[in-house]
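Working notes, structure below.
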Protein chains: 2
Amino acid sequence: MATIRDVAERAGVAPITVSRVLNNSGYFSEETRRRVEKAAAELQYVPNQLARSLRSNRTDTLALVLTDITNPFWTTVARAVEDTAATQGFNVILCNTDEQEEKQLQYVSVLLRKRVDGFLLVPVSHNVEPITMIRQQGVPVVVLDRDIPELEADVVRCASEEGAYELIRYLIGLGHRDIAVITGPEVVSTAQERVNGYRRALAEHGLPVNPERIFFGNYTVESGYELARGVLQRQPRPTALFAGNNFIAIGALKAIREAGLQVPQDISLVSFDDLPPTLVVDPFLTVAAQSPYELGRQATELLLRRIAEPESCDWQKIVLPTELVVRRSCQAVAGERLGD
Amino acid sequence: MATIRDVAERAGVAPITVSRVLNNSGYFSEETRRRVEKAAAELQYVPNQLARSLRSNRTDTLALVLTDITNPFWTTVARAVEDTAATQGFNVILCNTDEQEEKQLQYVSVLLRKRVDGFLLVPVSHNVEPITMIRQQGVPVVVLDRDIPELEADVVRCASEEGAYELIRYLIGLGHRDIAVITGPEVVSTAQERVNGYRRALAEHGLPVNPERIFFGNYTVESGYELARGVLQRQPRPTALFAGNNFIAIGALKAIREAGLQVPQDISLVSFDDLPPTLVVDPFLTVAAQSPYELGRQATELLLRRIAEPESCDWQKIVLPTELVVRRSCQAVAGERLGD
DNA sequence: CTGTTAGCGCGTTCAT
DNA sequence: ATGAACGCGCTAACAG
């Protein structure tokens, strides 16, 4: 593999001159340019970015540490991150933590060694260790989707509490009085907030909050399935179910089908997260829709700004609104209907 | 940010001793180990992998250049690649080409500069330029999902021709005689092969191949929608439709719904690619299912082998079988039924 | 306009 | 068991 010195020799100039021509920096004659470019082309010279980075302390690479790229929500976020990063010449290293502390810490550690210019991190828990580690090395981090209490940081996330609140208010408006919620891990802020929104909506309508109707689990299809199965066996059965994310909703739908029940006739169902329109022929679920693309885009833009101007310390907390999308997965409860 | 020299000073040893302790290579006393580890911890020393890579010519990083991570097929492949790479300590840089030559070339060029250890590439066309570029730098490439005619290379792909053949044979078995196919770009091997399988199935059953029933487009929902709309307007309307991938199938379903038609009553539909079971509550489409996870896993393992032993030149062509999954999207054609 | 020197942080080589 | 010198490939700083 040709180095800058090989090119220099062949062109009959010094390495620094090659550097100047190829980076178009400093002065050089037209004749020199031609000679250098010719030599570079003939040798198929590819500059070594590692050496460059070693000097410049920039790798033009971002780390995207999320839970599972397999969830279309994260897929869309990843796409947005990659798009946005590319507009400024950055590449993206992708990592899946599967919500495991250990993987998260391992990735952060490796990526720090690789000297990525910044991190987009979906924290697995409220443990601040990974973020502290990153900060100690002076590398910018933007926390994605989830907040960590008492942590001063740049955060870009969606309005989980409000979204949940609206969903539940909608259900209450349809006359529902017994609504169960199944959601993600209790250590994850989005799960907590969605439950908070649920609580607030009930409270504001003077309805009791029954702790036996609140279930934490994982943001997976399996977990949604299991939790929903549990819920459906209860007597009395709740008239509506609130799924904490798209995967949980899918799991719940499977459980409901398996129990021989129908949505919305036998039970109403709402969910956080939409599935991307491209994946669904006939959208059916009433949801609080987030904007994963926007989430990824804004987070990346913020991160790139932090990389460009590392001084600033006015942490930004960006909260993206959620949209209530009413479709056909809910039914009014007879006799108690309050509105539509 | 602390360097190896800072650690050495604090521990009262030479930098090389620090290197030996932290890499656990060569000899050093237990006392030295303790002192070095203490100093490293106190300084929060993070070794600079750039410097290491500059010497070792290894970055422990792979490039995954695919068309669009947003398609669940590629999402699953990406997940498999990341999982497999991680087992050997490699990270993955993700790039979306959107089927554009220019983006593809740009990415390849940048990633060569970054000295990734290997490429997993889904070629946008039969243009061998990107692959040639990579090879000239002595970097291993594994071609993913698509083959390039007359190119000697490691390729891991699915059996497109055979999968299409089986789908069409299945339709013919149901009595269909007029089957349209809508698929991806004509410059992409998978699209070609799926049409070849379609042709072969018809030919083997003595049925004419009508060029007016073959449509190339893009592997996107929009393209599927547009092409299907065109097909549905034809008189006579084909009795069955073969969608070249999952996105095209979704677009086709939208067009069919919009035309007020029902699957399978009014038209039968089959597709290449399944949607991941996790994304679908009630699988309905009859498909030729590929194994995207297996595709990504095998390709990555092959690439890692090439990286470990760069000498070998016996190109591997791995073709993964496709599975015909019969569900409820097809109906026998009355009066001409041949079998089930 | 072009070149020399030096150093980014690390690990191989050879010496002690 | 430990260290000094050197170079990986590149570019900033300083001549000329």
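By order in the structure tokens, chains are A, B, ...; within a chain, residues start at 1; ligands start at 1, following the order shown.
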Long-range neighbours of DC10 in chain C as a VMD selection string, 8 Å cut-off, only C-alpha atoms (C1' of nucleotides), 2 positions minimum in chain: chain B and resid 4 48 51 to 52 55
Limited to N, CA and C atoms, could you put the picked residues into a file as a short mmCIF file (atom, residue, chain, number, x, y, z; two decimals), in the first residue's frame?
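The resulting file, again-v3.cif, is reproduced below:
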```cif
data_model
loop_
_atom_site.label_atom_id
_atom_site.label_comp_id
_atom_site.auth_asym_id
_atom_site.auth_seq_id
_atom_site.Cartn_x
_atom_site.Cartn_y
_atom_site.Cartn_z
N ILE B 4 0.45 6.99 27.21
CA ILE B 4 1.20 5.91 27.82
C ILE B 4 2.40 6.49 28.57
N ASN B 48 -4.69 4.59 23.16
CA ASN B 48 -5.11 5.15 21.87
C ASN B 48 -5.00 4.10 20.77
N ALA B 51 -3.12 4.95 17.42
CA ALA B 51 -1.67 4.76 17.38
C ALA B 51 -1.35 3.27 17.23
N ARG B 52 -2.07 2.48 17.96
CA ARG B 52 -1.87 1.04 17.87
C ARG B 52 -2.12 0.55 16.44
N ARG B 55 0.49 1.18 13.82
CA ARG B 55 1.59 0.22 13.81
C ARG B 55 1.14 -1.15 13.34
#
```
Cα-based least-squares overlay of chain A on chain B, as a CSV table (one decimal) with C-alpha atoms, in the first residue's frame:
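Now in out.csv:
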```
chain,number,residue,atom,x,y,z
A,1,MET,CA,-6.1,12.8,27.9
A,2,ALA,CA,-3.4,10.7,29.5
A,3,THR,CA,-0.9,8.9,27.2
A,4,ILE,CA,1.2,5.9,27.8
A,5,ARG,CA,4.1,8.2,28.7
A,6,ASP,CA,2.1,9.9,31.5
A,7,VAL,CA,1.3,6.5,33.0
A,8,ALA,CA,5.0,5.5,32.6
A,9,GLU,CA,6.2,8.5,34.5
A,10,ARG,CA,3.8,8.2,37.3
A,11,ALA,CA,4.6,4.5,37.7
A,12,GLY,CA,8.3,5.3,37.4
A,13,VAL,CA,8.9,2.9,34.5
A,14,ALA,CA,9.4,3.1,30.7
A,15,PRO,CA,6.5,3.4,28.3
A,16,ILE,CA,7.2,0.0,26.9
A,17,THR,CA,6.8,-1.5,30.3
A,18,VAL,CA,3.3,0.0,30.6
A,19,SER,CA,2.5,-1.4,27.2
A,20,ARG,CA,3.7,-4.8,28.3
A,21,VAL,CA,1.6,-4.8,31.5
A,22,LEU,CA,-1.6,-3.5,29.9
A,23,ASN,CA,-1.3,-5.9,27.0
A,24,ASN,CA,-0.2,-8.7,29.2
A,25,SER,CA,2.7,-9.4,26.9
A,26,GLY,CA,6.3,-10.1,27.7
A,27,TYR,CA,7.8,-10.2,31.2
A,28,PHE,CA,7.2,-7.9,34.2
A,29,SER,CA,7.3,-8.3,38.0
A,30,GLU,CA,4.2,-8.4,40.1
A,31,GLU,CA,5.3,-5.3,41.7
A,32,THR,CA,5.6,-3.5,38.4
A,33,ARG,CA,2.2,-4.6,37.4
A,34,ARG,CA,0.7,-3.2,40.5
A,35,ARG,CA,2.4,0.1,40.1
A,36,VAL,CA,1.5,0.4,36.4
A,37,GLU,CA,-2.1,-0.5,36.9
A,38,LYS,CA,-2.4,1.9,39.8
A,39,ALA,CA,-1.0,4.7,37.7
A,40,ALA,CA,-3.2,3.9,34.8
A,41,ALA,CA,-6.3,3.8,36.9
A,42,GLU,CA,-5.4,7.1,38.6
A,43,LEU,CA,-4.9,8.8,35.3
A,44,GLN,CA,-7.9,7.2,33.8
A,45,TYR,CA,-5.7,6.1,31.0
A,46,VAL,CA,-7.4,4.9,27.8
A,47,PRO,CA,-5.0,3.5,25.3
A,48,ASN,CA,-5.1,5.2,21.9
A,49,GLN,CA,-6.2,2.6,19.4
A,50,LEU,CA,-5.3,4.9,16.5
A,51,ALA,CA,-1.7,4.7,17.4
A,52,ARG,CA,-1.9,1.0,17.9
A,53,SER,CA,-3.6,0.6,14.6
A,54,LEU,CA,-1.0,2.7,12.8
A,55,ARG,CA,1.6,0.2,13.9
A,56,SER,CA,-0.4,-3.0,13.7
A,57,ASN,CA,-2.3,-2.3,10.5
A,58,ARG,CA,-5.5,-3.5,12.1
A,59,THR,CA,-8.5,-1.4,13.2
A,60,ASP,CA,-10.8,-4.2,14.3
A,61,THR,CA,-13.5,-2.5,12.3
A,62,LEU,CA,-15.6,-3.8,9.5
A,63,ALA,CA,-17.6,-1.8,6.9
A,64,LEU,CA,-21.2,-2.8,6.2
A,65,VAL,CA,-22.3,-1.1,3.0
A,66,LEU,CA,-25.9,-1.9,2.2
A,67,THR,CA,-28.8,-0.3,0.4
A,68,ASP,CA,-31.1,0.8,3.2
A,69,ILE,CA,-31.1,-0.3,6.8
A,70,THR,CA,-34.8,0.7,7.0
A,71,ASN,CA,-35.8,-2.5,5.2
A,72,PRO,CA,-36.3,-5.2,7.9
A,73,PHE,CA,-34.4,-7.7,5.7
A,74,TRP,CA,-31.2,-5.5,5.9
A,75,THR,CA,-31.9,-4.6,9.5
A,76,THR,CA,-31.7,-8.3,10.4
A,77,VAL,CA,-28.6,-8.7,8.3
A,78,ALA,CA,-27.0,-5.8,10.1
A,79,ARG,CA,-27.9,-7.2,13.4
A,80,ALA,CA,-26.3,-10.5,12.5
A,81,VAL,CA,-23.2,-8.8,11.2
A,82,GLU,CA,-22.8,-6.8,14.4
A,83,ASP,CA,-23.4,-9.8,16.6
A,84,THR,CA,-20.9,-11.9,14.7
A,85,ALA,CA,-18.3,-9.2,14.5
A,86,ALA,CA,-18.6,-8.6,18.2
A,87,THR,CA,-17.7,-12.1,19.1
A,88,GLN,CA,-14.3,-11.4,17.7
A,89,GLY,CA,-13.9,-7.9,19.0
A,90,PHE,CA,-14.8,-6.1,15.8
A,91,ASN,CA,-17.0,-3.1,15.4
A,92,VAL,CA,-19.1,-2.3,12.4
A,93,ILE,CA,-19.5,0.9,10.4
A,94,LEU,CA,-22.9,1.1,8.8
A,95,CYS,CA,-23.5,2.8,5.4
A,96,ASN,CA,-26.7,3.2,3.3
A,97,THR,CA,-26.2,3.6,-0.4
A,98,ASP,CA,-29.9,3.9,-1.4
A,99,GLU,CA,-28.8,2.0,-4.5
A,100,GLN,CA,-26.8,4.9,-5.7
A,101,GLU,CA,-23.4,4.3,-7.4
A,102,GLU,CA,-22.1,7.6,-6.2
A,103,LYS,CA,-22.8,7.1,-2.6
A,104,GLN,CA,-21.4,3.6,-2.8
A,105,LEU,CA,-18.1,4.8,-4.3
A,106,GLN,CA,-17.9,7.6,-1.8
A,107,TYR,CA,-18.3,5.3,1.2
A,108,VAL,CA,-15.9,2.8,-0.1
A,109,SER,CA,-13.3,5.5,-0.6
A,110,VAL,CA,-13.7,7.0,2.8
A,111,LEU,CA,-13.7,3.6,4.5
A,112,LEU,CA,-10.5,2.6,2.7
A,113,ARG,CA,-8.9,5.7,4.1
A,114,LYS,CA,-10.1,4.7,7.6
A,115,ARG,CA,-8.4,1.4,7.0
A,116,VAL,CA,-11.3,-0.8,7.9
A,117,ASP,CA,-10.2,-4.4,8.0
A,118,GLY,CA,-12.8,-5.7,5.6
A,119,PHE,CA,-15.9,-4.9,3.7
A,120,LEU,CA,-19.3,-6.5,3.5
A,121,LEU,CA,-20.8,-5.0,0.4
A,122,VAL,CA,-24.2,-5.2,-1.2
A,123,PRO,CA,-23.3,-4.0,-4.7
A,124,VAL,CA,-25.6,-1.4,-6.2
A,125,SER,CA,-25.0,-2.6,-9.8
A,126,HIS,CA,-22.8,-4.9,-11.8
A,127,ASN,CA,-20.1,-2.2,-11.8
A,128,VAL,CA,-17.0,-3.8,-10.4
A,129,GLU,CA,-15.3,-0.5,-9.7
A,130,PRO,CA,-15.9,-0.4,-5.9
A,131,ILE,CA,-14.7,-3.9,-5.5
A,132,THR,CA,-11.7,-3.4,-7.6
A,133,MET,CA,-10.8,-0.3,-5.6
A,134,ILE,CA,-11.0,-2.3,-2.4
A,135,ARG,CA,-9.0,-5.1,-3.7
A,136,GLN,CA,-6.3,-2.9,-5.0
A,137,GLN,CA,-5.7,-1.9,-1.4
A,138,GLY,CA,-5.4,-5.5,-0.3
A,139,VAL,CA,-8.6,-5.3,1.8
A,140,PRO,CA,-10.9,-8.4,1.9
A,141,VAL,CA,-14.5,-8.0,0.6
A,142,VAL,CA,-17.4,-10.3,0.8
A,143,VAL,CA,-20.2,-9.6,-1.6
A,144,LEU,CA,-23.5,-9.8,0.1
A,145,ASP,CA,-26.9,-10.9,-1.3
A,146,ARG,CA,-26.1,-10.1,-4.9
A,147,ASP,CA,-23.8,-11.7,-7.4
A,148,ILE,CA,-21.8,-9.9,-10.1
A,149,PRO,CA,-21.4,-11.8,-13.3
A,150,GLU,CA,-17.8,-12.8,-14.2
A,151,LEU,CA,-16.5,-11.5,-10.9
A,152,GLU,CA,-14.3,-13.8,-8.9
A,153,ALA,CA,-15.2,-13.1,-5.4
A,154,ASP,CA,-16.5,-14.4,-2.1
A,155,VAL,CA,-20.3,-14.1,-2.3
A,156,VAL,CA,-22.9,-15.0,0.2
A,157,ARG,CA,-26.4,-14.8,-1.2
A,158,CYS,CA,-29.8,-16.5,-1.2
A,159,ALA,CA,-31.2,-18.8,-3.9
A,160,SER,CA,-33.3,-16.2,-5.7
A,161,GLU,CA,-33.8,-18.2,-8.9
A,162,GLU,CA,-34.9,-21.3,-7.1
A,163,GLY,CA,-37.1,-19.4,-4.6
A,164,ALA,CA,-38.9,-17.6,-7.4
A,165,TYR,CA,-39.2,-20.9,-9.3
A,166,GLU,CA,-40.9,-22.5,-6.4
A,167,LEU,CA,-43.3,-19.7,-5.8
A,168,ILE,CA,-44.4,-19.7,-9.4
A,169,ARG,CA,-44.7,-23.5,-9.5
A,170,TYR,CA,-46.9,-23.3,-6.5
A,171,LEU,CA,-49.1,-20.7,-8.3
A,172,ILE,CA,-49.2,-22.8,-11.4
A,173,GLY,CA,-50.2,-25.8,-9.2
A,174,LEU,CA,-53.2,-23.7,-8.0
A,175,GLY,CA,-54.2,-23.3,-11.6
A,176,HIS,CA,-52.8,-19.8,-12.3
A,177,ARG,CA,-51.9,-19.3,-15.9
A,178,ASP,CA,-51.5,-15.5,-16.0
A,179,ILE,CA,-49.0,-14.4,-13.4
A,180,ALA,CA,-47.4,-11.0,-13.4
A,181,VAL,CA,-44.0,-10.2,-11.7
A,182,ILE,CA,-43.0,-6.9,-10.3
A,183,THR,CA,-39.5,-6.7,-9.0
A,184,GLY,CA,-36.3,-4.6,-8.3
A,185,PRO,CA,-33.9,-2.9,-10.6
A,186,GLU,CA,-32.9,-4.7,-13.8
A,187,VAL,CA,-29.2,-4.1,-13.0
A,188,VAL,CA,-29.5,-6.1,-9.8
A,189,SER,CA,-28.8,-9.8,-9.9
A,190,THR,CA,-31.5,-10.7,-7.4
A,191,ALA,CA,-34.1,-9.0,-9.6
A,192,GLN,CA,-32.8,-10.8,-12.7
A,193,GLU,CA,-32.7,-14.1,-11.0
A,194,ARG,CA,-36.2,-13.9,-9.6
A,195,VAL,CA,-37.4,-13.2,-13.1
A,196,ASN,CA,-35.4,-16.1,-14.4
A,197,GLY,CA,-37.0,-18.4,-11.9
A,198,TYR,CA,-40.4,-17.1,-12.9
A,199,ARG,CA,-39.5,-17.8,-16.6
A,200,ARG,CA,-38.2,-21.2,-15.9
A,201,ALA,CA,-41.3,-22.3,-14.0
A,202,LEU,CA,-43.6,-21.1,-16.7
A,203,ALA,CA,-41.5,-22.7,-19.4
A,204,GLU,CA,-41.3,-26.0,-17.6
A,205,HIS,CA,-45.0,-26.1,-17.4
A,206,GLY,CA,-45.4,-25.3,-21.1
A,207,LEU,CA,-46.8,-21.9,-20.4
A,208,PRO,CA,-45.9,-18.9,-22.5
A,209,VAL,CA,-43.8,-16.1,-21.0
A,210,ASN,CA,-45.5,-12.8,-21.8
A,211,PRO,CA,-42.9,-9.9,-21.5
A,212,GLU,CA,-45.8,-7.6,-20.8
A,213,ARG,CA,-46.2,-9.3,-17.5
A,214,ILE,CA,-42.7,-8.6,-16.3
A,215,PHE,CA,-41.9,-5.3,-14.6
A,216,PHE,CA,-38.7,-4.0,-13.2
A,217,GLY,CA,-38.6,-1.1,-10.7
A,218,ASN,CA,-37.1,-0.6,-7.3
A,219,TYR,CA,-37.2,-2.6,-4.1
A,220,THR,CA,-39.3,0.0,-2.4
A,221,VAL,CA,-42.9,0.4,-1.2
A,222,GLU,CA,-43.5,3.2,-3.6
A,223,SER,CA,-42.2,1.3,-6.6
A,224,GLY,CA,-44.3,-1.7,-5.6
A,225,TYR,CA,-47.3,0.4,-5.3
A,226,GLU,CA,-46.9,2.1,-8.7
A,227,LEU,CA,-46.0,-1.1,-10.5
A,228,ALA,CA,-49.0,-2.9,-9.0
A,229,ARG,CA,-51.3,-0.1,-9.9
A,230,GLY,CA,-50.2,-0.5,-13.5
A,231,VAL,CA,-50.7,-4.2,-13.4
A,232,LEU,CA,-54.2,-4.0,-11.9
A,233,GLN,CA,-55.3,-1.7,-14.7
A,234,ARG,CA,-54.5,-4.1,-17.4
A,235,GLN,CA,-57.2,-6.0,-19.2
A,236,PRO,CA,-57.3,-8.9,-18.6
A,237,ARG,CA,-56.0,-8.6,-15.1
A,238,PRO,CA,-53.5,-11.4,-14.1
A,239,THR,CA,-54.9,-13.8,-11.6
A,240,ALA,CA,-51.7,-13.8,-9.5
A,241,LEU,CA,-48.9,-11.4,-8.7
A,242,PHE,CA,-45.4,-12.1,-7.7
A,243,ALA,CA,-43.7,-9.4,-5.7
A,244,GLY,CA,-39.9,-9.3,-5.9
A,245,ASN,CA,-39.3,-8.4,-2.2
A,246,ASN,CA,-41.1,-7.5,1.0
A,247,PHE,CA,-41.3,-3.8,0.3
A,248,ILE,CA,-42.7,-4.3,-3.2
A,249,ALA,CA,-45.3,-6.7,-1.7
A,250,ILE,CA,-46.4,-4.1,0.8
A,251,GLY,CA,-46.7,-1.5,-1.9
A,252,ALA,CA,-48.7,-4.0,-4.0
A,253,LEU,CA,-51.0,-4.8,-1.1
A,254,LYS,CA,-51.7,-1.1,-0.8
A,255,ALA,CA,-52.5,-0.8,-4.5
A,256,ILE,CA,-54.7,-3.8,-4.3
A,257,ARG,CA,-56.7,-2.5,-1.4
A,258,GLU,CA,-57.0,0.9,-3.0
A,259,ALA,CA,-58.4,-0.7,-6.1
A,260,GLY,CA,-61.1,-2.3,-3.9
A,261,LEU,CA,-59.8,-5.8,-4.5
A,262,GLN,CA,-59.1,-8.5,-2.0
A,263,VAL,CA,-56.3,-11.0,-1.6
A,264,PRO,CA,-56.7,-13.8,-2.3
A,265,GLN,CA,-60.3,-13.7,-3.6
A,266,ASP,CA,-59.7,-11.2,-6.4
A,267,ILE,CA,-56.0,-11.8,-6.9
A,268,SER,CA,-53.4,-14.1,-5.5
A,269,LEU,CA,-50.1,-12.6,-4.2
A,270,VAL,CA,-46.8,-14.2,-3.4
A,271,SER,CA,-43.6,-12.5,-2.4
A,272,PHE,CA,-39.9,-12.9,-1.9
A,273,ASP,CA,-38.7,-12.1,1.6
A,274,ASP,CA,-40.7,-12.6,4.7
A,275,LEU,CA,-41.2,-9.9,7.2
A,276,PRO,CA,-39.5,-10.8,10.5
A,277,PRO,CA,-42.0,-12.7,12.7
A,278,THR,CA,-41.5,-10.2,15.4
A,279,LEU,CA,-43.1,-7.5,13.2
A,280,VAL,CA,-46.2,-9.4,12.1
A,281,VAL,CA,-49.0,-10.4,14.3
A,282,ASP,CA,-50.7,-12.6,11.8
A,283,PRO,CA,-48.5,-13.7,8.9
A,284,PHE,CA,-50.7,-13.9,5.9
A,285,LEU,CA,-48.5,-13.8,2.8
A,286,THR,CA,-47.2,-16.8,1.0
A,287,VAL,CA,-43.5,-16.2,0.5
A,288,ALA,CA,-40.1,-17.5,-0.4
A,289,ALA,CA,-38.4,-16.8,2.9
A,290,GLN,CA,-34.8,-16.0,3.1
A,291,SER,CA,-32.7,-16.1,6.2
A,292,PRO,CA,-31.3,-12.6,6.6
A,293,TYR,CA,-29.7,-13.4,9.9
A,294,GLU,CA,-28.0,-16.4,8.5
A,295,LEU,CA,-26.9,-14.4,5.5
A,296,GLY,CA,-25.3,-11.8,7.7
A,297,ARG,CA,-23.7,-14.3,10.0
A,298,GLN,CA,-22.1,-16.5,7.3
A,299,ALA,CA,-20.9,-13.5,5.4
A,300,THR,CA,-19.3,-12.0,8.4
A,301,GLU,CA,-17.7,-15.3,9.4
A,302,LEU,CA,-16.3,-15.7,5.9
A,303,LEU,CA,-14.9,-12.1,6.0
A,304,LEU,CA,-13.3,-12.6,9.4
A,305,ARG,CA,-11.7,-15.7,8.1
A,306,ARG,CA,-10.3,-13.8,5.1
A,307,ILE,CA,-9.0,-11.2,7.4
A,308,ALA,CA,-7.3,-13.8,9.6
A,309,GLU,CA,-5.8,-15.6,6.6
A,310,PRO,CA,-5.5,-13.2,3.7
A,311,GLU,CA,-3.6,-15.7,1.5
A,312,SER,CA,-6.4,-17.9,0.4
A,313,CYS,CA,-7.8,-17.3,-3.0
A,314,ASP,CA,-10.4,-20.1,-3.4
A,315,TRP,CA,-13.4,-17.9,-3.7
A,316,GLN,CA,-16.4,-19.1,-1.8
A,317,LYS,CA,-19.9,-18.8,-3.3
A,318,ILE,CA,-22.3,-19.5,-0.6
A,319,VAL,CA,-25.9,-19.8,-1.6
A,320,LEU,CA,-28.5,-20.1,1.2
A,321,PRO,CA,-31.7,-22.0,0.4
A,322,THR,CA,-35.0,-20.3,0.4
A,323,GLU,CA,-38.1,-21.7,2.1
A,324,LEU,CA,-41.5,-21.8,0.5
A,325,VAL,CA,-43.9,-20.7,3.3
A,326,VAL,CA,-47.5,-21.2,2.2
A,327,ARG,CA,-50.0,-19.1,4.0
A,328,ARG,CA,-53.3,-17.5,3.0
A,329,SER,CA,-52.6,-15.1,0.2
A,330,CYS,CA,-53.3,-17.4,-2.7
A,331,GLN,CA,-56.4,-19.1,-4.1
A,332,ALA,CA,-56.9,-21.9,-6.6
A,333,VAL,CA,-58.2,-20.7,-9.9
A,334,ALA,CA,-61.6,-22.3,-10.5
A,335,GLY,CA,-62.0,-24.8,-13.3
A,336,GLU,CA,-58.3,-25.1,-13.9
A,337,ARG,CA,-57.2,-26.4,-10.6
A,338,LEU,CA,-54.4,-28.9,-10.9
A,339,GLY,CA,-53.6,-29.6,-7.3
A,340,ASP,CA,-53.1,-27.9,-3.9
```
Residue set, range 45-178 of chain A restricted to strand (DSSP E), as a VMD selection string: chain A and resid 61 to 66 91 to 96 118 to 121 141 to 144 154 to 158
Residue set, range 143-226 of chain B restricted to alpha helix (DSSP H), as a ChimeraX atom specification: /B:160-173,189-204,221-226
Sorted by chain and rising residue number, list the residues of chain D at most 8 Å from chain A (counting only C-alpha atoms (C1' of nucleotides)), each with its closest atom pair and distance in Å to one decimal, as JSON lines.
```
{"residue": "D:DG9", "atom": "C1'", "partner": "A:Ala51", "partner_atom": "CA", "distance": 5.1}
{"residue": "D:DC10", "atom": "C1'", "partner": "A:Ala51", "partner_atom": "CA", "distance": 5.2}
{"residue": "D:DT11", "atom": "C1'", "partner": "A:Ile16", "partner_atom": "CA", "distance": 7.2}
```
Separation of C1' of DG3 in chain D from C1' of DG11 in chain C, in Å and rounded to one decimal: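 Distance between the two atoms: 13.2 Å.
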Separation of C1' of DA5 in chain D from C1' of DC8 in chain C in Å: 17.4 Å
Show me, as JSON lines, the residues of chain C having an atom within 9 Å of chain A, each with the closest atom pair and its distance in Å, using only C-alpha atoms (C1' of nucleotides).
```
{"residue": "C:DC1", "atom": "C1'", "partner": "A:Phe28", "partner_atom": "CA", "distance": 5.6}
{"residue": "C:DT2", "atom": "C1'", "partner": "A:Thr17", "partner_atom": "CA", "distance": 7.2}
{"residue": "C:DG3", "atom": "C1'", "partner": "A:Ala14", "partner_atom": "CA", "distance": 6.5}
{"residue": "C:DG7", "atom": "C1'", "partner": "A:Arg55", "partner_atom": "CA", "distance": 8.7}
{"residue": "C:DC8", "atom": "C1'", "partner": "A:Arg55", "partner_atom": "CA", "distance": 4.6}
{"residue": "C:DG9", "atom": "C1'", "partner": "A:Leu54", "partner_atom": "CA", "distance": 7.7}
```
